[in-house]
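What follows is a short report on a single structure.
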Amino acid sequence: MDNNTSYPVTDVQKSTTGTFKASKQFLITLKDSKNTFEIKFSDDMVSLLGDLSLRYNYFVAKEKYYIIAIKNLIKKNEFLQLSLQVADKLVTEEEYEKELKENEDKYLISLNRVDNPFDIDVVCDIVKQVNASFTIDEVAEIFSLDANWLFQPANQIER
């Protein structure tokens, strides 16, 4: 049975000047069949943990979009190679169409709606780091994002 709980508590402490000071804390109680552990976190620690969690989520999202961008680059190169084979008459138009139809995942980049405004921030940061000019459509293609969703106000994106 899981007896683990967490909840905010207020701790009252006597200061060195003799007055009482209330500080909010976050208490986590961990229980198993034999032991009970209580861990108190101050507001500052909770804030720090929140910042660390946010930074972790940022780097996880950034890695996700790096991988998407690399995979989409590979797809674009595969498509270009196939198109060049048609131009060089190594492949017929019929073979080209058949290859695209039978292997869509290899050549076509899917565009997905943006479900989280945080993702837009991450993508913008990556684009800034690249230090090149991109159109909205190029950014959408690189990161598999529906360009229409890039223009949605943050309050209209589902949270």
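Starting from 1 in every chain, residues are counted up; chains themselves are A, B, ... following the order of the structure tokens, and ligands are numbered from 1 as listed.
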Next item on the list: Going by DSSP on the backbone, which bits of segment 28-159 of chain A are alpha helix (DSSP H)? Write them as an MDAnalysis selection string, please.
Entry: chainID A and resid 43:87 93:102 104:107 117:130 136:143 147:150
Residues of the last selection are to be written out with C-alpha atoms, as a PDB file, in the first residue's frame.
```
ATOM      1  CA  ASP A  43      10.192  27.772  -0.344  1.00  0.00           C
ATOM      2  CA  ASP A  44      13.687  28.452  -1.656  1.00  0.00           C
ATOM      3  CA  MET A  45      14.376  24.736  -2.122  1.00  0.00           C
ATOM      4  CA  VAL A  46      10.999  24.173  -3.802  1.00  0.00           C
ATOM      5  CA  SER A  47      11.755  27.100  -6.092  1.00  0.00           C
ATOM      6  CA  LEU A  48      15.202  25.701  -6.880  1.00  0.00           C
ATOM      7  CA  LEU A  49      13.757  22.248  -7.580  1.00  0.00           C
ATOM      8  CA  GLY A  50      11.147  23.870  -9.827  1.00  0.00           C
ATOM      9  CA  ASP A  51      13.887  25.720 -11.735  1.00  0.00           C
ATOM     10  CA  LEU A  52      15.890  22.511 -12.127  1.00  0.00           C
ATOM     11  CA  SER A  53      12.798  20.681 -13.341  1.00  0.00           C
ATOM     12  CA  LEU A  54      12.067  23.438 -15.862  1.00  0.00           C
ATOM     13  CA  ARG A  55      15.668  23.375 -17.124  1.00  0.00           C
ATOM     14  CA  TYR A  56      15.555  19.592 -17.422  1.00  0.00           C
ATOM     15  CA  ASN A  57      12.310  19.779 -19.398  1.00  0.00           C
ATOM     16  CA  TYR A  58      13.849  22.465 -21.618  1.00  0.00           C
ATOM     17  CA  PHE A  59      16.851  20.299 -22.465  1.00  0.00           C
ATOM     18  CA  VAL A  60      14.672  17.234 -23.051  1.00  0.00           C
ATOM     19  CA  ALA A  61      12.484  19.248 -25.443  1.00  0.00           C
ATOM     20  CA  LYS A  62      15.542  20.709 -27.133  1.00  0.00           C
ATOM     21  CA  GLU A  63      16.985  17.236 -27.694  1.00  0.00           C
ATOM     22  CA  LYS A  64      13.620  16.079 -29.082  1.00  0.00           C
ATOM     23  CA  TYR A  65      13.620  18.899 -31.651  1.00  0.00           C
ATOM     24  CA  TYR A  66      17.272  18.323 -32.570  1.00  0.00           C
ATOM     25  CA  ILE A  67      16.429  14.696 -33.357  1.00  0.00           C
ATOM     26  CA  ILE A  68      13.336  15.697 -35.345  1.00  0.00           C
ATOM     27  CA  ALA A  69      15.401  18.202 -37.342  1.00  0.00           C
ATOM     28  CA  ILE A  70      18.077  15.607 -38.162  1.00  0.00           C
ATOM     29  CA  LYS A  71      15.481  13.009 -39.185  1.00  0.00           C
ATOM     30  CA  ASN A  72      13.750  15.571 -41.407  1.00  0.00           C
ATOM     31  CA  LEU A  73      17.094  16.500 -42.987  1.00  0.00           C
ATOM     32  CA  ILE A  74      17.619  12.818 -43.826  1.00  0.00           C
ATOM     33  CA  LYS A  75      14.123  12.626 -45.355  1.00  0.00           C
ATOM     34  CA  LYS A  76      14.772  15.737 -47.414  1.00  0.00           C
ATOM     35  CA  ASN A  77      18.061  14.283 -48.686  1.00  0.00           C
ATOM     36  CA  GLU A  78      16.363  10.972 -49.557  1.00  0.00           C
ATOM     37  CA  PHE A  79      13.681  12.872 -51.471  1.00  0.00           C
ATOM     38  CA  LEU A  80      16.316  14.943 -53.279  1.00  0.00           C
ATOM     39  CA  GLN A  81      18.233  11.773 -54.237  1.00  0.00           C
ATOM     40  CA  LEU A  82      15.057  10.210 -55.635  1.00  0.00           C
ATOM     41  CA  SER A  83      14.223  13.396 -57.541  1.00  0.00           C
ATOM     42  CA  LEU A  84      17.739  13.494 -59.014  1.00  0.00           C
ATOM     43  CA  GLN A  85      17.344   9.895 -60.164  1.00  0.00           C
ATOM     44  CA  VAL A  86      14.220  10.944 -62.056  1.00  0.00           C
ATOM     45  CA  ALA A  87      16.014  13.977 -63.537  1.00  0.00           C
ATOM     46  CA  GLU A  93       8.052   8.886 -63.311  1.00  0.00           C
ATOM     47  CA  GLU A  94       5.957   5.786 -62.582  1.00  0.00           C
ATOM     48  CA  GLU A  95       8.704   4.255 -60.428  1.00  0.00           C
ATOM     49  CA  TYR A  96       9.122   7.600 -58.679  1.00  0.00           C
ATOM     50  CA  GLU A  97       5.402   7.849 -57.876  1.00  0.00           C
ATOM     51  CA  LYS A  98       5.310   4.212 -56.750  1.00  0.00           C
ATOM     52  CA  GLU A  99       8.334   4.681 -54.473  1.00  0.00           C
ATOM     53  CA  LEU A 100       6.806   7.778 -52.864  1.00  0.00           C
ATOM     54  CA  LYS A 101       3.472   6.055 -52.358  1.00  0.00           C
ATOM     55  CA  GLU A 102       4.940   2.855 -50.906  1.00  0.00           C
ATOM     56  CA  GLU A 104       5.914   7.832 -47.523  1.00  0.00           C
ATOM     57  CA  ASP A 105       7.664   7.706 -44.133  1.00  0.00           C
ATOM     58  CA  LYS A 106      11.039   7.698 -45.859  1.00  0.00           C
ATOM     59  CA  TYR A 107      10.394  10.845 -47.903  1.00  0.00           C
ATOM     60  CA  PRO A 117       3.748  27.101 -26.027  1.00  0.00           C
ATOM     61  CA  PHE A 118       6.944  25.868 -24.346  1.00  0.00           C
ATOM     62  CA  ASP A 119       7.756  23.966 -27.571  1.00  0.00           C
ATOM     63  CA  ILE A 120       7.589  27.192 -29.583  1.00  0.00           C
ATOM     64  CA  ASP A 121      10.082  28.799 -27.180  1.00  0.00           C
ATOM     65  CA  VAL A 122      12.448  25.840 -27.537  1.00  0.00           C
ATOM     66  CA  VAL A 123      12.249  25.893 -31.348  1.00  0.00           C
ATOM     67  CA  CYS A 124      12.831  29.671 -31.383  1.00  0.00           C
ATOM     68  CA  ASP A 125      15.917  29.235 -29.192  1.00  0.00           C
ATOM     69  CA  ILE A 126      17.315  26.574 -31.541  1.00  0.00           C
ATOM     70  CA  VAL A 127      16.685  28.769 -34.600  1.00  0.00           C
ATOM     71  CA  LYS A 128      18.463  31.691 -32.873  1.00  0.00           C
ATOM     72  CA  GLN A 129      21.467  29.458 -32.147  1.00  0.00           C
ATOM     73  CA  VAL A 130      21.716  28.475 -35.815  1.00  0.00           C
ATOM     74  CA  ILE A 136       8.059  30.240 -41.071  1.00  0.00           C
ATOM     75  CA  ASP A 137       7.468  27.415 -43.558  1.00  0.00           C
ATOM     76  CA  GLU A 138      11.115  26.350 -43.352  1.00  0.00           C
ATOM     77  CA  VAL A 139      11.022  26.291 -39.552  1.00  0.00           C
ATOM     78  CA  ALA A 140       7.783  24.315 -39.693  1.00  0.00           C
ATOM     79  CA  GLU A 141       9.329  21.775 -42.068  1.00  0.00           C
ATOM     80  CA  ILE A 142      12.597  21.453 -40.139  1.00  0.00           C
ATOM     81  CA  PHE A 143      10.825  20.747 -36.844  1.00  0.00           C
ATOM     82  CA  ALA A 147       2.905  26.559 -39.581  1.00  0.00           C
ATOM     83  CA  ASN A 148      -0.695  27.547 -38.803  1.00  0.00           C
ATOM     84  CA  TRP A 149      -0.181  26.531 -35.176  1.00  0.00           C
ATOM     85  CA  LEU A 150       2.967  28.641 -34.884  1.00  0.00           C
TER      86      LEU A 150
END
```
Check: For Leu111 of chain A, which residue out of A:Thr36, A:Ile28, A:Leu145, A:Asp88 is the nearest one, using only C-alpha atoms?
Finding: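 Nearest to Leu111 of chain A: A:Leu145.
Ranking A:Asn35, A:Ser42, A:Ser144, A:Thr29 by their shortest atom-to-atom distance to Ser110 of chain A, with only C-alpha atoms included, puts A:Ser144 first.
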Check: Which value, in Å to one decimal, gives the distance between atom CA of Asn116 of chain A and atom CA of Asp146 of chain A?
Finding: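 So the answer is 12.8 Å.
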